[in-house]
file run-v1.cif (mmCIF, C-alpha atoms)
data_structure
loop_
_atom_site.group_PDB
_atom_site.id
_atom_site.type_symbol
_atom_site.label_atom_id
_atom_site.label_comp_id
_atom_site.auth_asym_id
_atom_site.auth_seq_id
_atom_site.Cartn_x
_atom_site.Cartn_y
_atom_site.Cartn_z
ATOM 1 C CA PRO A 390 3.961 -40.639 -15.338
ATOM 2 C CA GLN A 391 7.668 -41.322 -15.740
ATOM 3 C CA GLN A 392 7.537 -40.611 -19.466
ATOM 4 C CA ARG A 393 5.555 -37.436 -18.793
ATOM 5 C CA ASN A 394 8.137 -36.287 -16.252
ATOM 6 C CA GLU A 395 10.926 -36.895 -18.753
ATOM 7 C CA HIS A 396 9.114 -34.847 -21.382
ATOM 8 C CA LEU A 397 8.596 -32.002 -18.906
ATOM 9 C CA LYS A 398 12.252 -32.145 -17.894
ATOM 10 C CA GLU A 399 13.316 -31.940 -21.533
ATOM 11 C CA ALA A 400 10.896 -29.076 -22.210
ATOM 12 C CA GLU A 401 12.220 -27.126 -19.217
ATOM 13 C CA ALA A 402 15.818 -27.615 -20.330
ATOM 14 C CA PHE A 403 14.996 -26.472 -23.866
ATOM 15 C CA ILE A 404 13.212 -23.337 -22.638
ATOM 16 C CA ARG A 405 16.008 -22.449 -20.238
ATOM 17 C CA ARG A 406 18.546 -22.707 -23.060
ATOM 18 C CA SER A 407 16.379 -20.334 -25.048
ATOM 19 C CA LEU A 408 16.250 -17.933 -22.109
ATOM 20 C CA ASP A 409 20.051 -18.009 -21.842
ATOM 21 C CA LEU A 410 20.045 -16.346 -25.253
ATOM 22 C CA LEU A 411 17.021 -14.081 -24.697
ATOM 23 C CA PRO A 412 16.429 -13.650 -20.937
ATOM 24 C CA SER A 413 13.500 -11.273 -21.470
ATOM 25 C CA ASP A 414 11.588 -13.404 -23.939
ATOM 26 C CA SER A 415 8.039 -13.123 -22.570
ATOM 27 C CA ASP A 416 6.720 -16.151 -24.439
ATOM 28 C CA ALA A 417 9.586 -18.338 -23.242
ATOM 29 C CA LEU A 418 9.070 -17.184 -19.656
ATOM 30 C CA PHE A 419 5.358 -17.910 -19.917
ATOM 31 C CA ASN A 420 6.017 -21.375 -21.340
ATOM 32 C CA LEU A 421 8.520 -22.005 -18.559
ATOM 33 C CA GLY A 422 5.815 -21.112 -16.061
ATOM 34 C CA LEU A 423 3.431 -23.587 -17.695
ATOM 35 C CA VAL A 424 6.012 -26.374 -17.583
ATOM 36 C CA LEU A 425 6.983 -25.679 -13.972
ATOM 37 C CA SER A 426 3.321 -25.588 -12.991
ATOM 38 C CA LYS A 427 2.792 -29.020 -14.557
ATOM 39 C CA LYS A 428 5.826 -30.261 -12.654
ATOM 40 C CA GLY A 429 4.270 -29.052 -9.399
ATOM 41 C CA ASP A 430 6.758 -26.233 -8.859
ATOM 42 C CA SER A 431 4.272 -23.466 -8.030
ATOM 43 C CA LYS A 432 6.909 -21.104 -6.652
ATOM 44 C CA GLY A 433 9.039 -21.401 -9.781
ATOM 45 C CA ALA A 434 5.981 -21.049 -12.016
ATOM 46 C CA LEU A 435 4.912 -17.882 -10.209
ATOM 47 C CA GLU A 436 8.382 -16.371 -10.600
ATOM 48 C CA ALA A 437 8.364 -17.197 -14.311
ATOM 49 C CA TYR A 438 4.910 -15.677 -14.817
ATOM 50 C CA GLU A 439 5.914 -12.543 -12.920
ATOM 51 C CA ALA A 440 9.026 -12.176 -15.077
ATOM 52 C CA SER A 441 6.930 -12.630 -18.215
ATOM 53 C CA ALA A 442 4.347 -10.081 -17.040
ATOM 54 C CA ALA A 443 7.111 -7.575 -16.369
ATOM 55 C CA VAL A 444 7.832 -7.671 -20.113
ATOM 56 C CA ASN A 445 4.325 -8.217 -21.472
ATOM 57 C CA ALA A 446 1.699 -6.993 -19.015
ATOM 58 C CA ASP A 447 -1.282 -7.276 -21.378
ATOM 59 C CA ASP A 448 -1.288 -10.976 -22.277
ATOM 60 C CA VAL A 449 -4.648 -12.351 -21.110
ATOM 61 C CA GLU A 450 -3.640 -16.003 -20.665
ATOM 62 C CA LEU A 451 -0.496 -14.956 -18.836
ATOM 63 C CA LEU A 452 -2.443 -12.717 -16.449
ATOM 64 C CA TYR A 453 -4.972 -15.495 -15.846
ATOM 65 C CA ASN A 454 -2.274 -18.020 -14.973
ATOM 66 C CA LEU A 455 -0.459 -15.442 -12.867
ATOM 67 C CA ALA A 456 -3.656 -14.722 -10.924
ATOM 68 C CA MET A 457 -4.177 -18.403 -10.153
ATOM 69 C CA LYS A 458 -0.608 -18.756 -8.908
ATOM 70 C CA TYR A 459 -1.037 -15.692 -6.694
ATOM 71 C CA GLU A 460 -4.094 -17.369 -5.196
ATOM 72 C CA GLU A 461 -2.181 -20.607 -4.604
ATOM 73 C CA ALA A 462 0.495 -18.571 -2.829
ATOM 74 C CA ASN A 463 -2.206 -16.948 -0.663
ATOM 75 C CA ARG A 464 -1.517 -13.569 -2.245
ATOM 76 C CA LYS A 465 -5.220 -12.993 -2.711
ATOM 77 C CA GLU A 466 -5.270 -9.270 -3.445
ATOM 78 C CA GLU A 467 -2.581 -9.595 -6.124
ATOM 79 C CA GLY A 468 -4.610 -12.430 -7.644
ATOM 80 C CA ILE A 469 -7.704 -10.251 -7.755
ATOM 81 C CA GLN A 470 -5.787 -7.446 -9.432
ATOM 82 C CA ALA A 471 -4.337 -9.835 -12.040
ATOM 83 C CA TYR A 472 -7.838 -11.145 -12.847
ATOM 84 C CA ARG A 473 -9.033 -7.547 -13.234
ATOM 85 C CA LYS A 474 -6.197 -6.777 -15.649
ATOM 86 C CA ALA A 475 -7.031 -9.854 -17.715
ATOM 87 C CA LEU A 476 -10.692 -8.840 -17.869
ATOM 88 C CA LYS A 477 -9.809 -5.273 -18.817
ATOM 89 C CA ALA A 478 -8.016 -6.698 -21.844
ATOM 90 C CA GLN A 479 -10.744 -9.281 -22.579
ATOM 91 C CA PRO A 480 -14.064 -8.648 -20.765
ATOM 92 C CA SER A 481 -15.628 -11.856 -22.129
ATOM 93 C CA PHE A 482 -12.981 -14.126 -20.548
ATOM 94 C CA GLY A 483 -15.420 -16.303 -18.618
ATOM 95 C CA LYS A 484 -12.972 -18.378 -16.575
ATOM 96 C CA ALA A 485 -11.194 -15.266 -15.318
ATOM 97 C CA ARG A 486 -14.496 -13.583 -14.440
ATOM 98 C CA CYS A 487 -15.766 -16.622 -12.533
ATOM 99 C CA ASN A 488 -12.469 -16.943 -10.687
ATOM 100 C CA LEU A 489 -12.529 -13.254 -9.838
ATOM 101 C CA GLY A 490 -16.055 -13.604 -8.485
ATOM 102 C CA ALA A 491 -15.020 -16.576 -6.362
ATOM 103 C CA ALA A 492 -11.979 -14.698 -5.043
ATOM 104 C CA LEU A 493 -14.110 -11.686 -4.132
ATOM 105 C CA ALA A 494 -16.673 -13.906 -2.392
ATOM 106 C CA GLU A 495 -13.904 -15.591 -0.418
ATOM 107 C CA SER A 496 -12.578 -12.201 0.642
ATOM 108 C CA GLY A 497 -16.045 -11.214 1.903
ATOM 109 C CA ASP A 498 -17.001 -8.913 -0.967
ATOM 110 C CA LEU A 499 -20.282 -10.633 -1.874
ATOM 111 C CA ASP A 500 -21.626 -7.614 -3.748
ATOM 112 C CA GLY A 501 -18.524 -7.509 -5.929
ATOM 113 C CA ALA A 502 -18.733 -11.250 -6.495
ATOM 114 C CA LEU A 503 -22.373 -10.941 -7.546
ATOM 115 C CA VAL A 504 -21.463 -8.316 -10.142
ATOM 116 C CA GLU A 505 -18.814 -10.595 -11.656
ATOM 117 C CA PHE A 506 -21.052 -13.666 -11.756
ATOM 118 C CA LEU A 507 -23.868 -11.683 -13.372
ATOM 119 C CA GLU A 508 -21.419 -10.388 -15.974
ATOM 120 C CA ALA A 509 -20.162 -13.927 -16.606
ATOM 121 C CA VAL A 510 -23.741 -15.052 -17.236
ATOM 122 C CA ARG A 511 -24.321 -12.096 -19.547
ATOM 123 C CA TYR A 512 -21.256 -12.898 -21.649
ATOM 124 C CA ASP A 513 -21.824 -16.661 -21.761
ATOM 125 C CA PRO A 514 -25.416 -17.613 -20.870
ATOM 126 C CA SER A 515 -25.034 -21.098 -22.367
ATOM 127 C CA SER A 516 -22.284 -22.164 -19.941
ATOM 128 C CA PRO A 517 -23.447 -23.833 -16.705
ATOM 129 C CA THR A 518 -20.449 -22.694 -14.637
ATOM 130 C CA PRO A 519 -21.446 -19.008 -14.245
ATOM 131 C CA TRP A 520 -24.984 -20.077 -13.369
ATOM 132 C CA GLN A 521 -23.641 -22.483 -10.743
ATOM 133 C CA ASN A 522 -21.537 -19.721 -9.202
ATOM 134 C CA LEU A 523 -24.517 -17.382 -9.215
ATOM 135 C CA ALA A 524 -26.788 -20.002 -7.648
ATOM 136 C CA VAL A 525 -24.297 -20.797 -4.864
ATOM 137 C CA LEU A 526 -23.860 -17.111 -4.027
ATOM 138 C CA TYR A 527 -27.601 -16.381 -3.910
ATOM 139 C CA HIS A 528 -28.099 -19.565 -1.864
ATOM 140 C CA LYS A 529 -25.506 -18.405 0.668
ATOM 141 C CA GLN A 530 -27.157 -14.988 0.866
ATOM 142 C CA GLY A 531 -30.500 -16.656 1.491
ATOM 143 C CA VAL A 532 -29.104 -18.925 4.216
ATOM 144 C CA SER A 533 -27.398 -16.001 5.938
ATOM 145 C CA THR A 534 -30.576 -13.919 5.833
ATOM 146 C CA VAL A 535 -32.810 -16.722 7.119
ATOM 147 C CA GLN A 536 -30.439 -17.217 10.047
ATOM 148 C CA GLY A 537 -31.140 -13.605 10.997
ATOM 149 C CA LEU A 538 -34.778 -14.457 11.686
ATOM 150 C CA ALA A 539 -33.786 -15.844 15.084
ATOM 151 C CA GLN A 540 -32.765 -12.340 16.235
ATOM 152 C CA CYS A 541 -35.967 -10.607 15.150
ATOM 153 C CA ALA A 542 -37.702 -8.692 17.940
ATOM 154 C CA SER A 543 -40.992 -8.208 16.101
ATOM 155 C CA LYS A 544 -43.214 -9.821 13.476
ATOM 156 C CA GLU A 545 -42.702 -6.799 11.207
ATOM 157 C CA ALA A 546 -38.918 -7.217 11.314
ATOM 158 C CA ALA A 547 -39.244 -10.944 10.645
ATOM 159 C CA VAL A 548 -41.463 -10.316 7.630
ATOM 160 C CA GLU A 549 -38.974 -7.818 6.200
ATOM 161 C CA ILE A 550 -36.081 -10.249 6.586
ATOM 162 C CA SER A 551 -38.140 -13.118 5.161
ATOM 163 C CA ARG A 552 -38.870 -11.068 2.044
ATOM 164 C CA THR A 553 -35.167 -10.341 1.560
ATOM 165 C CA ALA A 554 -34.343 -14.015 1.997
ATOM 166 C CA SER A 555 -37.131 -15.083 -0.364
ATOM 167 C CA HIS A 556 -35.807 -12.759 -3.076
ATOM 168 C CA ALA A 557 -32.253 -14.158 -2.843
ATOM 169 C CA LEU A 558 -33.521 -17.742 -2.759
ATOM 170 C CA GLY A 559 -35.812 -17.049 -5.720
ATOM 171 C CA GLU A 560 -32.754 -15.982 -7.699
ATOM 172 C CA ALA A 561 -30.925 -19.127 -6.541
ATOM 173 C CA ASP A 562 -33.955 -21.163 -7.644
ATOM 174 C CA ASN A 563 -33.832 -19.636 -11.132
ATOM 175 C CA ALA A 564 -30.073 -20.141 -11.434
ATOM 176 C CA TRP A 565 -30.184 -23.802 -10.390
ATOM 177 C CA ARG A 566 -32.946 -24.452 -12.914
ATOM 178 C CA LYS A 567 -30.712 -22.939 -15.592
ATOM 179 C CA VAL A 568 -27.923 -25.289 -14.583
ATOM 180 C CA MET A 569 -30.304 -28.250 -14.840
ATOM 181 C CA ASP A 570 -31.172 -27.208 -18.400
ATOM 182 C CA LEU A 571 -27.535 -26.820 -19.423
ATOM 183 C CA VAL A 572 -25.736 -29.825 -17.944
ATOM 184 C CA ASP A 573 -25.735 -33.286 -19.538
ATOM 185 C CA ASP A 574 -23.787 -35.212 -16.918
ATOM 186 C CA GLN A 575 -26.280 -37.181 -14.812
ATOM 187 C CA ARG A 576 -24.251 -36.913 -11.618
ATOM 188 C CA THR A 577 -24.078 -33.130 -11.900
ATOM 189 C CA LYS A 578 -27.760 -32.996 -12.769
ATOM 190 C CA GLN A 579 -28.676 -35.015 -9.648
ATOM 191 C CA GLU A 580 -26.474 -32.812 -7.475
ATOM 192 C CA THR A 581 -28.262 -29.800 -8.932
ATOM 193 C CA VAL A 582 -31.657 -31.341 -8.159
ATOM 194 C CA THR A 583 -30.560 -31.770 -4.532
ATOM 195 C CA ARG A 584 -29.377 -28.155 -4.345
ATOM 196 C CA LEU A 585 -32.633 -26.917 -5.875
ATOM 197 C CA ALA A 586 -34.686 -28.917 -3.371
ATOM 198 C CA GLN A 587 -32.665 -27.384 -0.523
ATOM 199 C CA VAL A 588 -33.344 -23.907 -1.887
ATOM 200 C CA LEU A 589 -37.062 -24.645 -2.211
ATOM 201 C CA GLN A 590 -37.286 -25.797 1.408
ATOM 202 C CA LEU A 591 -35.396 -22.758 2.644
ATOM 203 C CA ARG A 592 -37.496 -20.436 0.500
ATOM 204 C CA GLY A 593 -40.620 -22.115 1.858
ATOM 205 C CA ARG A 594 -39.452 -21.360 5.406
ATOM 206 C CA ALA A 595 -38.904 -17.720 4.526
ATOM 207 C CA VAL A 596 -42.237 -17.305 2.735
ATOM 208 C CA ALA A 597 -44.121 -19.076 5.572
ATOM 209 C CA ILE A 598 -43.212 -16.252 7.973
ATOM 210 C CA GLU A 599 -45.631 -13.971 6.137
ATOM 211 C CA ASP A 600 -47.953 -16.399 4.331
ATOM 212 C CA PRO A 601 -47.825 -20.133 5.164
ATOM 213 C CA ALA A 602 -50.215 -21.031 2.346
ATOM 214 C CA ALA A 603 -47.916 -19.380 -0.200
ATOM 215 C CA ALA A 604 -45.060 -21.552 1.077
ATOM 216 C CA LEU A 605 -46.841 -24.816 0.238
ATOM 217 C CA PRO A 606 -45.838 -24.955 -3.481
ATOM 218 C CA HIS A 607 -42.151 -24.687 -2.534
ATOM 219 C CA PHE A 608 -42.351 -27.550 -0.033
ATOM 220 C CA LEU A 609 -44.454 -29.638 -2.412
ATOM 221 C CA GLU A 610 -41.932 -29.323 -5.219
ATOM 222 C CA ALA A 611 -39.113 -30.191 -2.804
ATOM 223 C CA THR A 612 -40.842 -33.493 -2.024
ATOM 224 C CA GLN A 613 -41.308 -34.145 -5.738
ATOM 225 C CA LEU A 614 -37.634 -33.556 -6.418
ATOM 226 C CA LEU A 615 -36.458 -35.600 -3.418
ATOM 227 C CA PRO A 616 -39.284 -38.031 -2.613
ATOM 228 C CA THR A 617 -37.102 -40.076 -0.232
ATOM 229 C CA GLU A 618 -35.875 -37.100 1.813
ATOM 230 C CA PRO A 619 -37.595 -37.125 5.254
ATOM 231 C CA SER A 620 -36.924 -33.451 6.020
ATOM 232 C CA ALA A 621 -38.893 -32.380 2.936
ATOM 233 C CA TRP A 622 -41.963 -34.364 4.025
ATOM 234 C CA GLU A 623 -41.611 -33.197 7.621
ATOM 235 C CA ALA A 624 -41.581 -29.549 6.557
ATOM 236 C CA LEU A 625 -44.562 -30.094 4.265
ATOM 237 C CA ALA A 626 -46.532 -31.796 7.040
ATOM 238 C CA LYS A 627 -45.851 -28.862 9.392
ATOM 239 C CA VAL A 628 -47.032 -26.266 6.902
ATOM 240 C CA TYR A 629 -50.198 -28.227 6.117
ATOM 241 C CA HIS A 630 -50.831 -28.319 9.878
ATOM 242 C CA ILE A 631 -50.283 -24.558 10.178
ATOM 243 C CA VAL A 632 -52.835 -23.813 7.436
ATOM 244 C CA GLY A 633 -55.334 -26.222 9.001
ATOM 245 C CA ASP A 634 -55.170 -29.002 6.407
ATOM 246 C CA GLU A 635 -54.861 -31.960 8.767
ATOM 247 C CA VAL A 636 -55.690 -34.552 6.106
ATOM 248 C CA ASN A 637 -52.719 -33.659 3.925
ATOM 249 C CA SER A 638 -50.586 -33.044 6.993
ATOM 250 C CA LYS A 639 -51.106 -36.644 8.069
ATOM 251 C CA LYS A 640 -50.456 -37.915 4.532
ATOM 252 C CA ALA A 641 -47.152 -36.007 4.392
ATOM 253 C CA GLY A 642 -46.266 -37.182 7.894
ATOM 254 C CA ALA A 643 -46.881 -40.761 6.869
ATOM 255 C CA ARG A 644 -44.068 -40.466 4.304
ATOM 256 C CA LEU A 645 -41.477 -39.879 7.031
#

call {"tool": "encode", "arguments": {"input": "run-v1.cif", "output": "structure tokens"}}
result
Amino acid sequence: PQQRNEHLKEAEAFIRRSLDLLPSDSDALFNLGLVLSKKGDSKGALEAYEASAAVNADDVELLYNLAMKYEEANRKEEGIQAYRKALKAQPSFGKARCNLGAALAESGDLDGALVEFLEAVRYDPSSPTPWQNLAVLYHKQGVSTVQGLAQCASKEAAVEISRTASHALGEADNAWRKVMDLVDDQRTKQETVTRLAQVLQLRGRAVAIEDPAAALPHFLEATQLLPTEPSAWEALAKVYHIVGDEVNSKKAGARL
């Protein structure tokens, strides 16, 4: 760390000498921002990026780094606009598109976030990150919709909400399966299995509102993915009981 700090200090001094000669050198300002960011000086890095962007407003990497610094400074809207500018210059810039989607989701614009994540998947379908973002967003939509079932005044309203939730959770299901196919890291793969099992249980709950028998495959697969998870077996036992299959209900209950 000490050697790294010395190198960063030397790099900063060299760049500042260069800027003494050419104060509006966009590349030097950008490089200064990179060095200051590595040193942990976010405020100085943001100022350097802003100065560079004032000279060269179309550099994609600059706009991307500027957007991230705006987010760190809690200047969310400026961050979103910087991501948009970067994507206007390079629509296939996956990291910027995923970050934009995340920023929109955080601001409450879930529809806008969904558009960005779908575009990220379209541009780079072999990368797990856009699929993960898409899965998380659909999962959140499903959870939010299922929670609305408690306020339903009629069976018809509950069925309508359950269908909406089932659609979102079906998309989350598909996205998590894509992630499982694309990741190699075993830890990430196991985390994805857990997320998928959670989606399957939630989707089973939504489907069961209209057709309990149709919910059984979702609960069954959840127990296969997480055979030591009590909640999966408990849910399966309940659905078997609802459809009148007491034999399998008792078998599932015995796994608790």

call {"tool": "residues_around", "arguments": {"input": "run-v1.cif", "residues": "range 521-525 of chain A", "least_positions_apart": "5", "cutoff": "6 Å", "atoms": "all atoms listed in the file", "output": "number ranges by chain"}}
result
A: 506, 561, 564-565

call {"tool": "resolve_selection", "arguments": {"input": "run-v1.cif", "expression": "the PyMOL selection byres ((chain A and resi 415) around 10)", "output": "list in words"}}
result
Leu408, Leu411, Pro412, Ser413, Asp414, Asp416, Ala417, Leu418, Phe419, Asn420, Leu421, Ala437, Tyr438, Glu439, Ala440, Ser441, Ala442, Ala443, Val444, Asn445, Ala446, Asp448 and Leu451 of chain A

call {"tool": "resolve_selection", "arguments": {"input": "run-v1.cif", "expression": "the PyMOL selection byres ((chain A and resi 549) around 12)", "output": "PyMOL selection string"}}
result
chain A and resi 534-535+537-538+541-548+550-556+595-596+598-599

call {"tool": "write_last_selection", "arguments": {"input": "run-v1.cif", "atoms": "C-alpha atoms", "output": "tab-separated table (two decimals), keeping the file's coordinate frame"}}
result
chain	number	residue	atom	x	y	z
A	534	THR	CA	-30.58	-13.92	5.83
A	535	VAL	CA	-32.81	-16.72	7.12
A	537	GLY	CA	-31.14	-13.60	11.00
A	538	LEU	CA	-34.78	-14.46	11.69
A	541	CYS	CA	-35.97	-10.61	15.15
A	542	ALA	CA	-37.70	-8.69	17.94
A	543	SER	CA	-40.99	-8.21	16.10
A	544	LYS	CA	-43.21	-9.82	13.48
A	545	GLU	CA	-42.70	-6.80	11.21
A	546	ALA	CA	-38.92	-7.22	11.31
A	547	ALA	CA	-39.24	-10.94	10.64
A	548	VAL	CA	-41.46	-10.32	7.63
A	550	ILE	CA	-36.08	-10.25	6.59
A	551	SER	CA	-38.14	-13.12	5.16
A	552	ARG	CA	-38.87	-11.07	2.04
A	553	THR	CA	-35.17	-10.34	1.56
A	554	ALA	CA	-34.34	-14.02	2.00
A	555	SER	CA	-37.13	-15.08	-0.36
A	556	HIS	CA	-35.81	-12.76	-3.08
A	595	ALA	CA	-38.90	-17.72	4.53
A	596	VAL	CA	-42.24	-17.30	2.74
A	598	ILE	CA	-43.21	-16.25	7.97
A	599	GLU	CA	-45.63	-13.97	6.14

call {"tool": "closest_residue", "arguments": {"input": "run-v1.cif", "among": "A:Lys465, A:Thr518, A:Ala471, A:Leu503", "to": "Asp447 in chain A", "atoms": "only C-alpha atoms"}}
result
A:Ala471

call {"tool": "axis_aligned_box", "arguments": {"input": "run-v1.cif", "around": "range 633-637 of chain A", "padding_each_side": "6 Å", "output": "AutoDock Vina command-line options"}}
result
--center_x -54.2 --center_y -30.4 --center_z 6.5 --size_x 15.0 --size_y 20.3 --size_z 17.1

call {"tool": "resolve_selection", "arguments": {"input": "run-v1.cif", "expression": "the PyMOL selection byres ((chain A and resi 423) around 12)", "output": "PDB file with C-alpha atoms, keeping the file's coordinate frame"}}
result
ATOM      1  CA  LEU A 397       8.596 -32.002 -18.906  1.00  0.00           C
ATOM      2  CA  ALA A 400      10.896 -29.076 -22.210  1.00  0.00           C
ATOM      3  CA  GLU A 401      12.220 -27.126 -19.217  1.00  0.00           C
ATOM      4  CA  ILE A 404      13.212 -23.337 -22.638  1.00  0.00           C
ATOM      5  CA  ASP A 416       6.720 -16.151 -24.439  1.00  0.00           C
ATOM      6  CA  ALA A 417       9.586 -18.338 -23.242  1.00  0.00           C
ATOM      7  CA  LEU A 418       9.070 -17.184 -19.656  1.00  0.00           C
ATOM      8  CA  PHE A 419       5.358 -17.910 -19.917  1.00  0.00           C
ATOM      9  CA  ASN A 420       6.017 -21.375 -21.340  1.00  0.00           C
ATOM     10  CA  LEU A 421       8.520 -22.005 -18.559  1.00  0.00           C
ATOM     11  CA  GLY A 422       5.815 -21.112 -16.061  1.00  0.00           C
ATOM     12  CA  VAL A 424       6.012 -26.374 -17.583  1.00  0.00           C
ATOM     13  CA  LEU A 425       6.983 -25.679 -13.972  1.00  0.00           C
ATOM     14  CA  SER A 426       3.321 -25.588 -12.991  1.00  0.00           C
ATOM     15  CA  LYS A 427       2.792 -29.020 -14.557  1.00  0.00           C
ATOM     16  CA  LYS A 428       5.826 -30.261 -12.654  1.00  0.00           C
ATOM     17  CA  GLY A 429       4.270 -29.052  -9.399  1.00  0.00           C
ATOM     18  CA  ASP A 430       6.758 -26.233  -8.859  1.00  0.00           C
ATOM     19  CA  SER A 431       4.272 -23.466  -8.030  1.00  0.00           C
ATOM     20  CA  LYS A 432       6.909 -21.104  -6.652  1.00  0.00           C
ATOM     21  CA  GLY A 433       9.039 -21.401  -9.781  1.00  0.00           C
ATOM     22  CA  ALA A 434       5.981 -21.049 -12.016  1.00  0.00           C
ATOM     23  CA  LEU A 435       4.912 -17.882 -10.209  1.00  0.00           C
ATOM     24  CA  GLU A 436       8.382 -16.371 -10.600  1.00  0.00           C
ATOM     25  CA  ALA A 437       8.364 -17.197 -14.311  1.00  0.00           C
ATOM     26  CA  TYR A 438       4.910 -15.677 -14.817  1.00  0.00           C
ATOM     27  CA  SER A 441       6.930 -12.630 -18.215  1.00  0.00           C
ATOM     28  CA  GLU A 450      -3.640 -16.003 -20.665  1.00  0.00           C
ATOM     29  CA  LEU A 451      -0.496 -14.956 -18.836  1.00  0.00           C
ATOM     30  CA  TYR A 453      -4.972 -15.495 -15.846  1.00  0.00           C
ATOM     31  CA  ASN A 454      -2.274 -18.020 -14.973  1.00  0.00           C
ATOM     32  CA  LEU A 455      -0.459 -15.442 -12.867  1.00  0.00           C
ATOM     33  CA  MET A 457      -4.177 -18.403 -10.153  1.00  0.00           C
ATOM     34  CA  LYS A 458      -0.608 -18.756  -8.908  1.00  0.00           C
TER      35      LYS A 458
END

call {"tool": "atom_distance", "arguments": {"input": "run-v1.cif", "atom1": "CA of Ala402 in chain A", "atom2": "CA of Glu460 in chain A"}}
result
27.0 Å

call {"tool": "closest_residue", "arguments": {"input": "run-v1.cif", "among": "A:Ala462, A:Leu585, A:Leu526, A:Leu645", "to": "Cys487 in chain A", "atoms": "only C-alpha atoms"}}
result
A:Leu526

call {"tool": "residues_around", "arguments": {"input": "run-v1.cif", "residues": "range 602-611 of chain A", "least_positions_apart": "2", "cutoff": "6 Å", "atoms": "only C-alpha atoms", "output": "PyMOL selection string"}}
result
chain A and resi 586+589-590+593+596-597+600+613-614+625

call {"tool": "closest_residue", "arguments": {"input": "run-v1.cif", "among": "A:Thr612, A:Ser407, A:Ser515, A:Gln536", "to": "Thr583 in chain A", "atoms": "only C-alpha atoms"}}
result
A:Thr612

call {"tool": "atom_distance", "arguments": {"input": "run-v1.cif", "atom1": "CA of Val588 in chain A", "atom2": "CA of Glu635 in chain A"}}
result
25.3 Å

call {"tool": "residues_around", "arguments": {"input": "run-v1.cif", "residues": "Ala626 in chain A", "least_positions_apart": "6", "cutoff": "9 Å", "atoms": "only C-alpha atoms", "output": "PyMOL selection string"}}
result
chain A and resi 635+637-643

call {"tool": "residues_near_point", "arguments": {"input": "run-v1.cif", "point": "(-14.0, -13.5, -5.1)", "cutoff": "6 Å", "atoms": "all atoms listed in the file", "output": "mmCIF file with C-alpha atoms, in the coordinates of the input"}}
result
data_model
loop_
_atom_site.group_PDB
_atom_site.id
_atom_site.type_symbol
_atom_site.label_atom_id
_atom_site.label_comp_id
_atom_site.auth_asym_id
_atom_site.auth_seq_id
_atom_site.Cartn_x
_atom_site.Cartn_y
_atom_site.Cartn_z
ATOM 1 C CA LEU A 489 -12.529 -13.254 -9.838
ATOM 2 C CA GLY A 490 -16.055 -13.604 -8.485
ATOM 3 C CA ALA A 491 -15.020 -16.576 -6.362
ATOM 4 C CA ALA A 492 -11.979 -14.698 -5.043
ATOM 5 C CA LEU A 493 -14.110 -11.686 -4.132
ATOM 6 C CA ALA A 494 -16.673 -13.906 -2.392
ATOM 7 C CA GLU A 495 -13.904 -15.591 -0.418
ATOM 8 C CA ALA A 502 -18.733 -11.250 -6.495
#

call {"tool": "atom_distance", "arguments": {"input": "run-v1.cif", "atom1": "CA of Glu461 in chain A", "atom2": "CA of Glu580 in chain A"}}
result
27.3 Å

call {"tool": "residues_around", "arguments": {"input": "run-v1.cif", "residues": "Ser516 in chain A", "least_positions_apart": "6", "cutoff": "9 Å", "atoms": "all atoms listed in the file", "output": "list in words"}}
result
Val510, Val568, Leu571 and Val572 of chain A
